[in-house]
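This is final_19.cif. It holds mmCIF, N, CA and C atoms.
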```cif
data_structure
#
loop_
_atom_site.label_atom_id
_atom_site.label_comp_id
_atom_site.auth_asym_id
_atom_site.auth_seq_id
_atom_site.Cartn_x
_atom_site.Cartn_y
_atom_site.Cartn_z
N MET A 1 0.84 -1.17 0.00
CA MET A 1 0.00 0.00 0.00
C MET A 1 0.89 1.24 0.00
N LYS A 2 0.48 2.23 -0.78
CA LYS A 2 1.21 3.50 -0.78
C LYS A 2 0.79 4.31 0.44
N LEU A 3 1.78 4.95 1.05
CA LEU A 3 1.56 5.84 2.19
C LEU A 3 2.20 7.18 1.86
N TYR A 4 1.63 8.24 2.40
CA TYR A 4 2.07 9.59 2.05
C TYR A 4 2.34 10.42 3.31
N HIS A 5 3.21 11.40 3.14
CA HIS A 5 3.51 12.38 4.17
C HIS A 5 3.58 13.74 3.49
N GLY A 6 2.84 14.71 4.00
CA GLY A 6 2.84 16.05 3.42
C GLY A 6 3.63 17.02 4.26
N SER A 7 4.35 17.93 3.60
CA SER A 7 5.19 18.91 4.30
C SER A 7 5.36 20.17 3.45
N LYS A 8 5.67 21.27 4.10
CA LYS A 8 6.04 22.49 3.40
C LYS A 8 7.52 22.49 3.05
N GLN A 9 8.26 21.56 3.60
CA GLN A 9 9.70 21.53 3.42
C GLN A 9 10.12 20.43 2.46
N ARG A 10 11.12 20.73 1.66
CA ARG A 10 11.74 19.74 0.76
C ARG A 10 12.82 19.03 1.56
N LEU A 11 12.66 17.74 1.76
CA LEU A 11 13.56 16.96 2.61
C LEU A 11 14.06 15.72 1.86
N ASP A 12 15.24 15.25 2.22
CA ASP A 12 15.76 14.01 1.66
C ASP A 12 15.24 12.80 2.43
N ARG A 13 14.88 13.03 3.68
CA ARG A 13 14.36 11.96 4.53
C ARG A 13 13.37 12.57 5.52
N ILE A 14 12.42 11.76 5.94
CA ILE A 14 11.42 12.21 6.91
C ILE A 14 11.84 11.64 8.26
N GLU A 15 12.07 12.52 9.22
CA GLU A 15 12.55 12.10 10.53
C GLU A 15 11.41 11.96 11.53
N SER A 16 11.63 11.10 12.48
CA SER A 16 10.68 10.88 13.57
C SER A 16 10.58 12.15 14.41
N ARG A 17 9.34 12.52 14.75
CA ARG A 17 9.10 13.70 15.58
C ARG A 17 7.97 13.40 16.53
N HIS A 18 7.94 14.15 17.61
CA HIS A 18 6.85 14.00 18.57
C HIS A 18 5.70 14.89 18.11
N ALA A 19 4.54 14.29 17.90
CA ALA A 19 3.37 15.05 17.47
C ALA A 19 2.92 15.97 18.60
N ASN A 20 2.36 17.12 18.22
CA ASN A 20 1.76 18.00 19.22
C ASN A 20 0.36 18.36 18.78
N LYS A 21 -0.47 18.68 19.74
CA LYS A 21 -1.88 18.89 19.44
C LYS A 21 -2.23 20.33 19.16
N GLY A 22 -1.37 21.27 19.48
CA GLY A 22 -1.73 22.67 19.28
C GLY A 22 -2.95 23.01 20.12
N ASP A 23 -3.94 23.68 19.53
CA ASP A 23 -5.14 24.09 20.25
C ASP A 23 -6.30 23.12 20.06
N VAL A 24 -6.06 21.99 19.41
CA VAL A 24 -7.13 21.05 19.10
C VAL A 24 -7.12 19.91 20.12
N GLU A 25 -8.31 19.42 20.48
CA GLU A 25 -8.41 18.29 21.40
C GLU A 25 -7.95 17.01 20.72
N VAL A 26 -6.89 16.42 21.23
CA VAL A 26 -6.36 15.17 20.70
C VAL A 26 -6.02 14.29 21.90
N PRO A 27 -6.46 13.03 21.90
CA PRO A 27 -6.09 12.13 23.00
C PRO A 27 -4.58 11.99 23.11
N GLU A 28 -4.09 11.98 24.33
CA GLU A 28 -2.64 11.92 24.57
C GLU A 28 -2.02 10.67 23.93
N ASP A 29 -2.76 9.56 23.85
CA ASP A 29 -2.19 8.35 23.26
C ASP A 29 -2.04 8.43 21.75
N GLU A 30 -2.53 9.52 21.16
CA GLU A 30 -2.34 9.74 19.71
C GLU A 30 -1.18 10.69 19.43
N LEU A 31 -0.57 11.24 20.47
CA LEU A 31 0.55 12.16 20.31
C LEU A 31 1.85 11.37 20.49
N LEU A 32 2.22 10.67 19.47
CA LEU A 32 3.34 9.74 19.54
C LEU A 32 4.60 10.32 18.91
N ASN A 33 5.73 9.76 19.31
CA ASN A 33 7.01 10.12 18.72
C ASN A 33 7.24 9.16 17.57
N GLY A 34 7.04 9.65 16.35
CA GLY A 34 7.17 8.78 15.19
C GLY A 34 7.06 9.56 13.90
N ILE A 35 6.88 8.84 12.82
CA ILE A 35 6.72 9.43 11.49
C ILE A 35 5.27 9.18 11.08
N TYR A 36 4.53 10.24 10.91
CA TYR A 36 3.11 10.12 10.58
C TYR A 36 2.92 10.03 9.08
N LEU A 37 2.15 9.03 8.66
CA LEU A 37 1.86 8.77 7.26
C LEU A 37 0.35 8.57 7.09
N THR A 38 -0.11 8.65 5.87
CA THR A 38 -1.52 8.42 5.58
C THR A 38 -1.65 7.67 4.26
N PRO A 39 -2.66 6.79 4.15
CA PRO A 39 -2.91 6.15 2.87
C PRO A 39 -3.73 7.04 1.93
N ASN A 40 -4.15 8.20 2.42
CA ASN A 40 -5.02 9.12 1.69
C ASN A 40 -4.19 10.31 1.17
N TYR A 41 -3.98 10.36 -0.15
CA TYR A 41 -3.16 11.43 -0.74
C TYR A 41 -3.72 12.82 -0.40
N GLY A 42 -5.02 13.00 -0.49
CA GLY A 42 -5.63 14.29 -0.18
C GLY A 42 -5.39 14.72 1.25
N PHE A 43 -5.42 13.76 2.18
CA PHE A 43 -5.15 14.07 3.58
C PHE A 43 -3.70 14.53 3.75
N ALA A 44 -2.77 13.92 3.00
CA ALA A 44 -1.36 14.35 3.05
C ALA A 44 -1.23 15.79 2.55
N VAL A 45 -1.98 16.13 1.51
CA VAL A 45 -1.98 17.51 1.01
C VAL A 45 -2.51 18.44 2.11
N ALA A 46 -3.59 18.04 2.78
CA ALA A 46 -4.15 18.85 3.86
C ALA A 46 -3.14 19.09 4.98
N MET A 47 -2.39 18.06 5.31
CA MET A 47 -1.37 18.22 6.36
C MET A 47 -0.26 19.18 5.91
N ALA A 48 0.05 19.16 4.64
CA ALA A 48 1.13 20.01 4.12
C ALA A 48 0.74 21.48 4.08
N ILE A 49 -0.53 21.80 3.97
CA ILE A 49 -0.94 23.20 3.81
C ILE A 49 -1.17 23.91 5.14
N ARG A 50 -1.07 23.19 6.25
CA ARG A 50 -1.34 23.82 7.55
C ARG A 50 -0.43 25.02 7.77
N PRO A 51 -1.02 26.17 8.07
CA PRO A 51 -0.19 27.34 8.37
C PRO A 51 0.62 27.12 9.65
N GLU A 52 1.82 27.66 9.69
CA GLU A 52 2.66 27.54 10.88
C GLU A 52 2.00 28.24 12.05
N ASN A 53 2.15 27.65 13.23
CA ASN A 53 1.60 28.22 14.47
C ASN A 53 0.09 28.40 14.41
N SER A 54 -0.59 27.54 13.71
CA SER A 54 -2.04 27.63 13.58
C SER A 54 -2.58 26.22 13.32
N SER A 55 -3.82 26.02 13.69
CA SER A 55 -4.45 24.71 13.52
C SER A 55 -5.45 24.72 12.38
N ILE A 56 -5.77 23.52 11.93
CA ILE A 56 -6.87 23.34 10.99
C ILE A 56 -7.78 22.26 11.55
N SER A 57 -9.03 22.34 11.21
CA SER A 57 -10.00 21.32 11.58
C SER A 57 -10.45 20.66 10.28
N ILE A 58 -10.33 19.33 10.22
CA ILE A 58 -10.69 18.60 9.01
C ILE A 58 -11.92 17.74 9.28
N ASP A 59 -12.94 17.95 8.47
CA ASP A 59 -14.13 17.11 8.51
C ASP A 59 -14.07 16.21 7.28
N GLU A 60 -13.62 14.99 7.46
CA GLU A 60 -13.44 14.07 6.34
C GLU A 60 -14.77 13.69 5.69
N LYS A 61 -15.82 13.56 6.49
CA LYS A 61 -17.12 13.16 5.94
C LYS A 61 -17.66 14.21 4.97
N LYS A 62 -17.45 15.47 5.28
CA LYS A 62 -17.93 16.56 4.42
C LYS A 62 -16.84 17.04 3.46
N ALA A 63 -15.64 16.52 3.61
CA ALA A 63 -14.49 16.97 2.81
C ALA A 63 -14.30 18.48 2.94
N GLN A 64 -14.23 18.94 4.20
CA GLN A 64 -14.08 20.37 4.48
C GLN A 64 -12.94 20.62 5.45
N ILE A 65 -12.28 21.74 5.25
CA ILE A 65 -11.24 22.21 6.16
C ILE A 65 -11.62 23.59 6.65
N THR A 66 -11.47 23.79 7.97
CA THR A 66 -11.68 25.10 8.57
C THR A 66 -10.37 25.52 9.22
N PHE A 67 -9.91 26.70 8.89
CA PHE A 67 -8.66 27.23 9.43
C PHE A 67 -8.90 27.98 10.73
N GLU A 68 -7.98 27.84 11.66
CA GLU A 68 -8.00 28.67 12.87
C GLU A 68 -7.71 30.12 12.48
N LYS A 69 -6.72 30.30 11.61
CA LYS A 69 -6.32 31.63 11.14
C LYS A 69 -6.28 31.59 9.61
N PRO A 70 -7.44 31.74 8.97
CA PRO A 70 -7.50 31.58 7.51
C PRO A 70 -6.61 32.55 6.75
N GLU A 71 -6.31 33.68 7.33
CA GLU A 71 -5.48 34.66 6.64
C GLU A 71 -4.04 34.16 6.44
N LEU A 72 -3.65 33.09 7.14
CA LEU A 72 -2.30 32.56 7.01
C LEU A 72 -2.15 31.55 5.87
N PHE A 73 -3.26 31.08 5.31
CA PHE A 73 -3.19 30.12 4.21
C PHE A 73 -2.69 30.82 2.95
N GLN A 74 -1.65 30.25 2.34
CA GLN A 74 -1.03 30.82 1.14
C GLN A 74 -1.17 29.83 -0.02
N PRO A 75 -2.16 30.00 -0.90
CA PRO A 75 -2.41 29.03 -1.95
C PRO A 75 -1.26 28.85 -2.94
N ALA A 76 -0.40 29.84 -3.10
CA ALA A 76 0.70 29.75 -4.06
C ALA A 76 1.96 29.13 -3.44
N GLU A 77 1.91 28.80 -2.17
CA GLU A 77 3.06 28.23 -1.47
C GLU A 77 3.35 26.82 -1.97
N ASP A 78 4.63 26.48 -2.08
CA ASP A 78 5.03 25.13 -2.48
C ASP A 78 4.81 24.15 -1.33
N ILE A 79 4.31 22.96 -1.67
CA ILE A 79 4.20 21.87 -0.71
C ILE A 79 4.82 20.63 -1.33
N PHE A 80 5.14 19.66 -0.49
CA PHE A 80 5.79 18.44 -0.94
C PHE A 80 5.06 17.24 -0.37
N ILE A 81 4.81 16.26 -1.23
CA ILE A 81 4.17 15.02 -0.81
C ILE A 81 5.18 13.89 -1.02
N TYR A 82 5.47 13.19 0.05
CA TYR A 82 6.44 12.10 0.06
C TYR A 82 5.69 10.78 0.00
N THR A 83 6.12 9.89 -0.86
CA THR A 83 5.46 8.59 -1.04
C THR A 83 6.36 7.47 -0.53
N PHE A 84 5.72 6.54 0.20
CA PHE A 84 6.40 5.38 0.76
C PHE A 84 5.60 4.13 0.41
N ASP A 85 6.28 3.00 0.32
CA ASP A 85 5.63 1.72 0.10
C ASP A 85 5.60 1.01 1.45
N SER A 86 4.40 0.69 1.93
CA SER A 86 4.27 0.09 3.27
C SER A 86 4.99 -1.25 3.37
N THR A 87 5.18 -1.95 2.25
CA THR A 87 5.87 -3.23 2.30
C THR A 87 7.36 -3.07 2.60
N HIS A 88 7.87 -1.85 2.51
CA HIS A 88 9.28 -1.59 2.82
C HIS A 88 9.47 -1.08 4.25
N ILE A 89 8.38 -1.07 5.02
CA ILE A 89 8.43 -0.66 6.43
C ILE A 89 8.07 -1.88 7.26
N PRO A 90 8.91 -2.26 8.22
CA PRO A 90 8.58 -3.44 9.03
C PRO A 90 7.19 -3.29 9.67
N ALA A 91 6.35 -4.32 9.52
CA ALA A 91 4.98 -4.28 10.02
C ALA A 91 4.92 -3.98 11.51
N GLU A 92 5.88 -4.47 12.27
CA GLU A 92 5.88 -4.23 13.72
C GLU A 92 6.13 -2.76 14.07
N ASN A 93 6.59 -1.96 13.10
CA ASN A 93 6.83 -0.53 13.34
C ASN A 93 5.64 0.34 12.94
N LEU A 94 4.64 -0.24 12.29
CA LEU A 94 3.47 0.52 11.84
C LEU A 94 2.32 0.39 12.83
N LYS A 95 1.74 1.52 13.21
CA LYS A 95 0.60 1.51 14.12
C LYS A 95 -0.46 2.46 13.56
N TYR A 96 -1.70 1.97 13.48
CA TYR A 96 -2.80 2.85 13.07
C TYR A 96 -3.14 3.80 14.21
N VAL A 97 -3.21 5.09 13.89
CA VAL A 97 -3.65 6.10 14.85
C VAL A 97 -5.16 6.24 14.73
N ASP A 98 -5.62 6.35 13.50
CA ASP A 98 -7.05 6.40 13.18
C ASP A 98 -7.19 5.96 11.73
N GLU A 99 -8.37 6.11 11.16
CA GLU A 99 -8.56 5.61 9.79
C GLU A 99 -7.79 6.40 8.74
N PHE A 100 -7.26 7.56 9.11
CA PHE A 100 -6.54 8.39 8.14
C PHE A 100 -5.04 8.46 8.38
N GLN A 101 -4.58 7.95 9.53
CA GLN A 101 -3.17 8.11 9.85
C GLN A 101 -2.57 6.83 10.43
N LEU A 102 -1.33 6.61 10.05
CA LEU A 102 -0.51 5.58 10.67
C LEU A 102 0.73 6.29 11.20
N VAL A 103 1.36 5.68 12.16
CA VAL A 103 2.62 6.24 12.65
C VAL A 103 3.66 5.13 12.61
N VAL A 104 4.85 5.48 12.17
CA VAL A 104 5.98 4.56 12.16
C VAL A 104 6.74 4.80 13.45
N LEU A 105 6.79 3.78 14.28
CA LEU A 105 7.46 3.87 15.58
C LEU A 105 8.78 3.10 15.53
N GLY A 106 9.73 3.52 16.35
CA GLY A 106 10.98 2.77 16.48
C GLY A 106 11.95 2.95 15.33
N MET A 107 11.71 3.92 14.47
CA MET A 107 12.64 4.21 13.38
C MET A 107 12.95 5.70 13.41
N ASP A 108 14.21 6.05 13.23
CA ASP A 108 14.61 7.46 13.28
C ASP A 108 14.19 8.24 12.05
N ALA A 109 14.16 7.57 10.88
CA ALA A 109 13.86 8.28 9.64
C ALA A 109 13.45 7.28 8.56
N LEU A 110 12.77 7.81 7.54
CA LEU A 110 12.42 7.05 6.34
C LEU A 110 12.87 7.85 5.12
N ILE A 111 13.37 7.15 4.14
CA ILE A 111 13.73 7.80 2.88
C ILE A 111 12.58 7.56 1.90
N PRO A 112 11.99 8.64 1.37
CA PRO A 112 10.85 8.46 0.47
C PRO A 112 11.25 7.81 -0.85
N GLU A 113 10.31 7.08 -1.41
CA GLU A 113 10.52 6.47 -2.72
C GLU A 113 10.25 7.45 -3.83
N GLU A 114 9.43 8.46 -3.51
CA GLU A 114 9.08 9.47 -4.50
C GLU A 114 8.72 10.76 -3.77
N VAL A 115 9.01 11.88 -4.41
CA VAL A 115 8.63 13.19 -3.87
C VAL A 115 7.95 13.96 -4.99
N SER A 116 6.76 14.48 -4.70
CA SER A 116 6.10 15.33 -5.69
C SER A 116 5.91 16.72 -5.09
N GLU A 117 5.98 17.70 -5.95
CA GLU A 117 5.83 19.09 -5.53
C GLU A 117 4.54 19.64 -6.11
N ALA A 118 3.84 20.45 -5.33
CA ALA A 118 2.60 21.07 -5.78
C ALA A 118 2.46 22.42 -5.08
N LYS A 119 1.44 23.13 -5.44
CA LYS A 119 1.09 24.37 -4.76
C LYS A 119 0.04 24.03 -3.69
N ALA A 120 0.00 24.83 -2.65
CA ALA A 120 -0.96 24.59 -1.57
C ALA A 120 -2.40 24.60 -2.08
N SER A 121 -2.66 25.29 -3.16
CA SER A 121 -4.01 25.32 -3.74
C SER A 121 -4.47 23.94 -4.19
N LYS A 122 -3.56 22.97 -4.29
CA LYS A 122 -3.91 21.59 -4.65
C LYS A 122 -4.95 21.02 -3.68
N VAL A 123 -4.97 21.55 -2.47
CA VAL A 123 -5.93 21.08 -1.47
C VAL A 123 -7.37 21.24 -1.95
N LEU A 124 -7.60 22.21 -2.85
CA LEU A 124 -8.95 22.46 -3.36
C LEU A 124 -9.45 21.31 -4.24
N ASP A 125 -8.55 20.44 -4.68
CA ASP A 125 -8.96 19.24 -5.43
C ASP A 125 -9.60 18.20 -4.51
N TYR A 126 -9.38 18.34 -3.20
CA TYR A 126 -9.83 17.33 -2.24
C TYR A 126 -10.79 17.85 -1.17
N TYR A 127 -10.68 19.14 -0.85
CA TYR A 127 -11.47 19.71 0.25
C TYR A 127 -12.05 21.06 -0.12
N GLU A 128 -13.17 21.38 0.51
CA GLU A 128 -13.72 22.72 0.48
C GLU A 128 -13.13 23.46 1.68
N LEU A 129 -12.69 24.67 1.47
CA LEU A 129 -12.17 25.49 2.58
C LEU A 129 -13.33 26.35 3.07
N THR A 130 -13.77 26.10 4.29
CA THR A 130 -15.01 26.71 4.78
C THR A 130 -14.87 28.19 5.11
N ASN A 131 -13.71 28.63 5.52
CA ASN A 131 -13.57 30.02 5.96
C ASN A 131 -12.41 30.74 5.26
N TRP A 132 -12.14 30.34 4.04
CA TRP A 132 -11.13 31.03 3.23
C TRP A 132 -11.68 31.13 1.81
N LYS A 133 -11.59 32.30 1.26
CA LYS A 133 -12.03 32.52 -0.13
C LYS A 133 -10.84 33.00 -0.94
N GLN A 134 -10.94 32.96 -2.24
CA GLN A 134 -9.84 33.30 -3.13
C GLN A 134 -9.23 34.67 -2.85
N ASN A 135 -10.03 35.64 -2.43
CA ASN A 135 -9.47 36.97 -2.14
C ASN A 135 -8.74 37.02 -0.81
N ASN A 136 -8.76 35.87 -0.09
CA ASN A 136 -8.01 35.72 1.16
C ASN A 136 -8.37 36.77 2.20
N GLU A 137 -9.64 37.12 2.27
CA GLU A 137 -10.09 38.07 3.28
C GLU A 137 -11.15 37.41 4.15
N PRO A 138 -10.72 36.60 5.13
CA PRO A 138 -11.69 35.93 5.98
C PRO A 138 -12.46 36.93 6.83
N THR A 139 -13.70 36.63 7.07
CA THR A 139 -14.53 37.50 7.90
C THR A 139 -14.37 37.10 9.36
N GLN A 140 -14.78 37.97 10.26
CA GLN A 140 -14.73 37.64 11.68
C GLN A 140 -15.62 36.43 11.96
N GLU A 141 -16.75 36.36 11.27
CA GLU A 141 -17.65 35.22 11.44
C GLU A 141 -16.96 33.92 11.08
N SER A 142 -16.18 33.93 9.99
CA SER A 142 -15.51 32.70 9.57
C SER A 142 -14.41 32.32 10.56
N ARG A 143 -13.78 33.28 11.21
CA ARG A 143 -12.78 32.97 12.23
C ARG A 143 -13.44 32.30 13.42
N ASN A 144 -14.65 32.75 13.76
CA ASN A 144 -15.36 32.19 14.91
C ASN A 144 -15.81 30.75 14.66
N GLU A 145 -15.99 30.35 13.40
CA GLU A 145 -16.40 28.99 13.08
C GLU A 145 -15.42 27.97 13.66
N PHE A 146 -14.15 28.30 13.62
CA PHE A 146 -13.13 27.37 14.13
C PHE A 146 -13.30 27.17 15.63
N LYS A 147 -13.58 28.25 16.36
CA LYS A 147 -13.71 28.17 17.82
C LYS A 147 -14.94 27.40 18.24
N LEU A 148 -15.97 27.39 17.41
CA LEU A 148 -17.22 26.72 17.75
C LEU A 148 -17.14 25.21 17.62
N LYS A 149 -16.19 24.71 16.86
CA LYS A 149 -16.12 23.26 16.61
C LYS A 149 -15.47 22.52 17.73
#
```
Using structure tokens, write down the structure from this file.
Amino acid sequence: MKLYHGSKQRLDRIESRHANKGDVEVPEDELLNGIYLTPNYGFAVAMAIRPENSSISIDEKKAQITFEKPELFQPAEDIFIYTFDSTHIPAENLKYVDEFQLVVLGMDALIPEEVSEAKASKVLDYYELTNWKQNNEPTQESRNEFKLK
């Protein structure tokens, strides 16, 4: 199975890191020290477009993303999607976090089999952005949507 990792940075290898929850409610047992991957290419794109120092809320059922700070989303920004083959990762190192994410535990780094580059606007192929419009002028009401969820 192909697995993906999205990032704003061009890297030769993806290193293990400790996940953090930011301002979003996440169970502590999901904040692991590892390499987070997804079998869903669109979800990897969503992870890559996250503005620094800001959270996003993803509703997979509705295919929608809501930004905490929509003014920080930059559609022309370069993003990178790293592709891995799960058969090249020892099964004992793979753990499902949820239906959209796996984490590779016990390994310091993975070297991707493929790297593709895109613009952050690629996310629009997979998700509707609920509180960001093309003119990039979010309203106060749209900012409040994130706090209500």
- [ ] Let me know the residues the PyMOL selection byres (((chain A and resi 14 and name CA) around 9) and name CA) catches in the file above, as a PyMOL selection string.
- [x] chain A and resi 5+11-13+15-16+35+82+108-112
Write the selection just made, keeping N, CA and C atoms, as a compact mmCIF listing (two decimals), in the frame of the given file?
```txt
# COMPACT_ATOMS: atom_id res chain seq x y z
N HIS A 5 3.21 11.40 3.14
CA HIS A 5 3.51 12.38 4.17
C HIS A 5 3.58 13.74 3.49
N LEU A 11 12.66 17.74 1.76
CA LEU A 11 13.56 16.96 2.61
C LEU A 11 14.06 15.72 1.86
N ASP A 12 15.24 15.25 2.22
CA ASP A 12 15.76 14.01 1.66
C ASP A 12 15.24 12.80 2.43
N ARG A 13 14.88 13.03 3.68
CA ARG A 13 14.36 11.96 4.53
C ARG A 13 13.37 12.57 5.52
N GLU A 15 12.07 12.52 9.22
CA GLU A 15 12.55 12.10 10.53
C GLU A 15 11.41 11.96 11.53
N SER A 16 11.63 11.10 12.48
CA SER A 16 10.68 10.88 13.57
C SER A 16 10.58 12.15 14.41
N ILE A 35 6.88 8.84 12.82
CA ILE A 35 6.72 9.43 11.49
C ILE A 35 5.27 9.18 11.08
N TYR A 82 5.47 13.19 0.05
CA TYR A 82 6.44 12.10 0.06
C TYR A 82 5.69 10.78 0.00
N ASP A 108 14.21 6.05 13.23
CA ASP A 108 14.61 7.46 13.28
C ASP A 108 14.19 8.24 12.05
N ALA A 109 14.16 7.57 10.88
CA ALA A 109 13.86 8.28 9.64
C ALA A 109 13.45 7.28 8.56
N LEU A 110 12.77 7.81 7.54
CA LEU A 110 12.42 7.05 6.34
C LEU A 110 12.87 7.85 5.12
N ILE A 111 13.37 7.15 4.14
CA ILE A 111 13.73 7.80 2.88
C ILE A 111 12.58 7.56 1.90
N PRO A 112 11.99 8.64 1.37
CA PRO A 112 10.85 8.46 0.47
C PRO A 112 11.25 7.81 -0.85
```
Task: Selection result of the PyMOL selection byres ((chain A and resi 63) around 7) on this file, as a count of residues only - done: 11
TODO: Run through the PyMOL selection byres ((chain A and resi 122) around 8) on the given coordinates and return the selected residues as number ranges by chain.
DONE: A: 42, 45-46, 75-76, 118-121, 123-127
Take the point (-1.1, 26.3, 9.2) in the file's coordinates, draw a sphere of radius 8 Å around it, and report as a PDB file with N, CA and C atoms, in the coordinates of the input every protein, DNA or RNA residue with an atom inside or on it, counting all atoms listed in the file.
```
ATOM      1  N   MET A  47      -2.390  18.060   5.310  1.00  0.00           N
ATOM      2  CA  MET A  47      -1.370  18.220   6.360  1.00  0.00           C
ATOM      3  C   MET A  47      -0.260  19.180   5.910  1.00  0.00           C
ATOM      4  N   ALA A  48       0.050  19.160   4.640  1.00  0.00           N
ATOM      5  CA  ALA A  48       1.130  20.010   4.120  1.00  0.00           C
ATOM      6  C   ALA A  48       0.740  21.480   4.080  1.00  0.00           C
ATOM      7  N   ILE A  49      -0.530  21.800   3.970  1.00  0.00           N
ATOM      8  CA  ILE A  49      -0.940  23.200   3.810  1.00  0.00           C
ATOM      9  C   ILE A  49      -1.170  23.910   5.140  1.00  0.00           C
ATOM     10  N   ARG A  50      -1.070  23.190   6.250  1.00  0.00           N
ATOM     11  CA  ARG A  50      -1.340  23.820   7.550  1.00  0.00           C
ATOM     12  C   ARG A  50      -0.430  25.020   7.770  1.00  0.00           C
ATOM     13  N   PRO A  51      -1.020  26.170   8.070  1.00  0.00           N
ATOM     14  CA  PRO A  51      -0.190  27.340   8.370  1.00  0.00           C
ATOM     15  C   PRO A  51       0.620  27.120   9.650  1.00  0.00           C
ATOM     16  N   GLU A  52       1.820  27.660   9.690  1.00  0.00           N
ATOM     17  CA  GLU A  52       2.660  27.540  10.880  1.00  0.00           C
ATOM     18  C   GLU A  52       2.000  28.240  12.050  1.00  0.00           C
ATOM     19  N   ASN A  53       2.150  27.650  13.230  1.00  0.00           N
ATOM     20  CA  ASN A  53       1.600  28.220  14.470  1.00  0.00           C
ATOM     21  C   ASN A  53       0.090  28.400  14.410  1.00  0.00           C
ATOM     22  N   SER A  54      -0.590  27.540  13.710  1.00  0.00           N
ATOM     23  CA  SER A  54      -2.040  27.630  13.580  1.00  0.00           C
ATOM     24  C   SER A  54      -2.580  26.220  13.320  1.00  0.00           C
ATOM     25  N   SER A  55      -3.820  26.020  13.690  1.00  0.00           N
ATOM     26  CA  SER A  55      -4.450  24.710  13.520  1.00  0.00           C
ATOM     27  C   SER A  55      -5.450  24.720  12.380  1.00  0.00           C
ATOM     28  N   ILE A  56      -5.770  23.520  11.930  1.00  0.00           N
ATOM     29  CA  ILE A  56      -6.870  23.340  10.990  1.00  0.00           C
ATOM     30  C   ILE A  56      -7.780  22.260  11.550  1.00  0.00           C
ATOM     31  N   PHE A  67      -9.910  26.700   8.890  1.00  0.00           N
ATOM     32  CA  PHE A  67      -8.660  27.230   9.430  1.00  0.00           C
ATOM     33  C   PHE A  67      -8.900  27.980  10.730  1.00  0.00           C
ATOM     34  N   GLU A  68      -7.980  27.840  11.660  1.00  0.00           N
ATOM     35  CA  GLU A  68      -8.000  28.670  12.870  1.00  0.00           C
ATOM     36  C   GLU A  68      -7.710  30.120  12.480  1.00  0.00           C
ATOM     37  N   LYS A  69      -6.720  30.300  11.610  1.00  0.00           N
ATOM     38  CA  LYS A  69      -6.320  31.630  11.140  1.00  0.00           C
ATOM     39  C   LYS A  69      -6.280  31.590   9.610  1.00  0.00           C
ATOM     40  N   LEU A  72      -3.650  33.090   7.140  1.00  0.00           N
ATOM     41  CA  LEU A  72      -2.300  32.560   7.010  1.00  0.00           C
ATOM     42  C   LEU A  72      -2.150  31.550   5.870  1.00  0.00           C
ATOM     43  N   PHE A  73      -3.260  31.080   5.310  1.00  0.00           N
ATOM     44  CA  PHE A  73      -3.190  30.120   4.210  1.00  0.00           C
ATOM     45  C   PHE A  73      -2.690  30.820   2.950  1.00  0.00           C
ATOM     46  N   GLN A  74      -1.650  30.250   2.340  1.00  0.00           N
ATOM     47  CA  GLN A  74      -1.030  30.820   1.140  1.00  0.00           C
ATOM     48  C   GLN A  74      -1.170  29.830  -0.020  1.00  0.00           C
TER      49      GLN A  74
END
```
Task: Pick from A:Gln101, A:Asn131, A:Met1, A:Ala44, whichever lies nearest to His88 (chain A) using only C-alpha atoms - done: A:Met1
Open item on the list: Which of region 3-116 of chain A end up as strand (DSSP E) when DSSP is run on this backbone - answer as a ChimeraX atom specification?
Closed with: /A:3-7,14-15,17-18,33-37,56-59,64-67,78-85,94-98,101-104,109-110,114-116
Task: Å distance separating CA of Leu105 (chain A) from CA of Leu3 (chain A), one decimal place - done: 14.8 Å
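Comparing A:Leu32, A:Ile79, A:Leu94, A:Leu37 by their smallest distance to Arg10 (chain A), the closest is A:Ile79 (using only C-alpha atoms).
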Open item on the list: For a test of reading the model, state the distance in Å between atom C of Gln134 (chain A) and atom N of Asp78 (chain A), rounded to one decimal.
Closed with: 16.1 Å
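Going from atom C of Gln9 (chain A) over to atom C of Pro39 (chain A), you cover 19.3 Å.
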- [ ] List the neighbours of Glu92 (chain A) out to 8 Å using all atoms listed in the file; skip same-chain residues closer than 3 positions along the sequence, and give me the result as a count of residues only.
- [x] 5
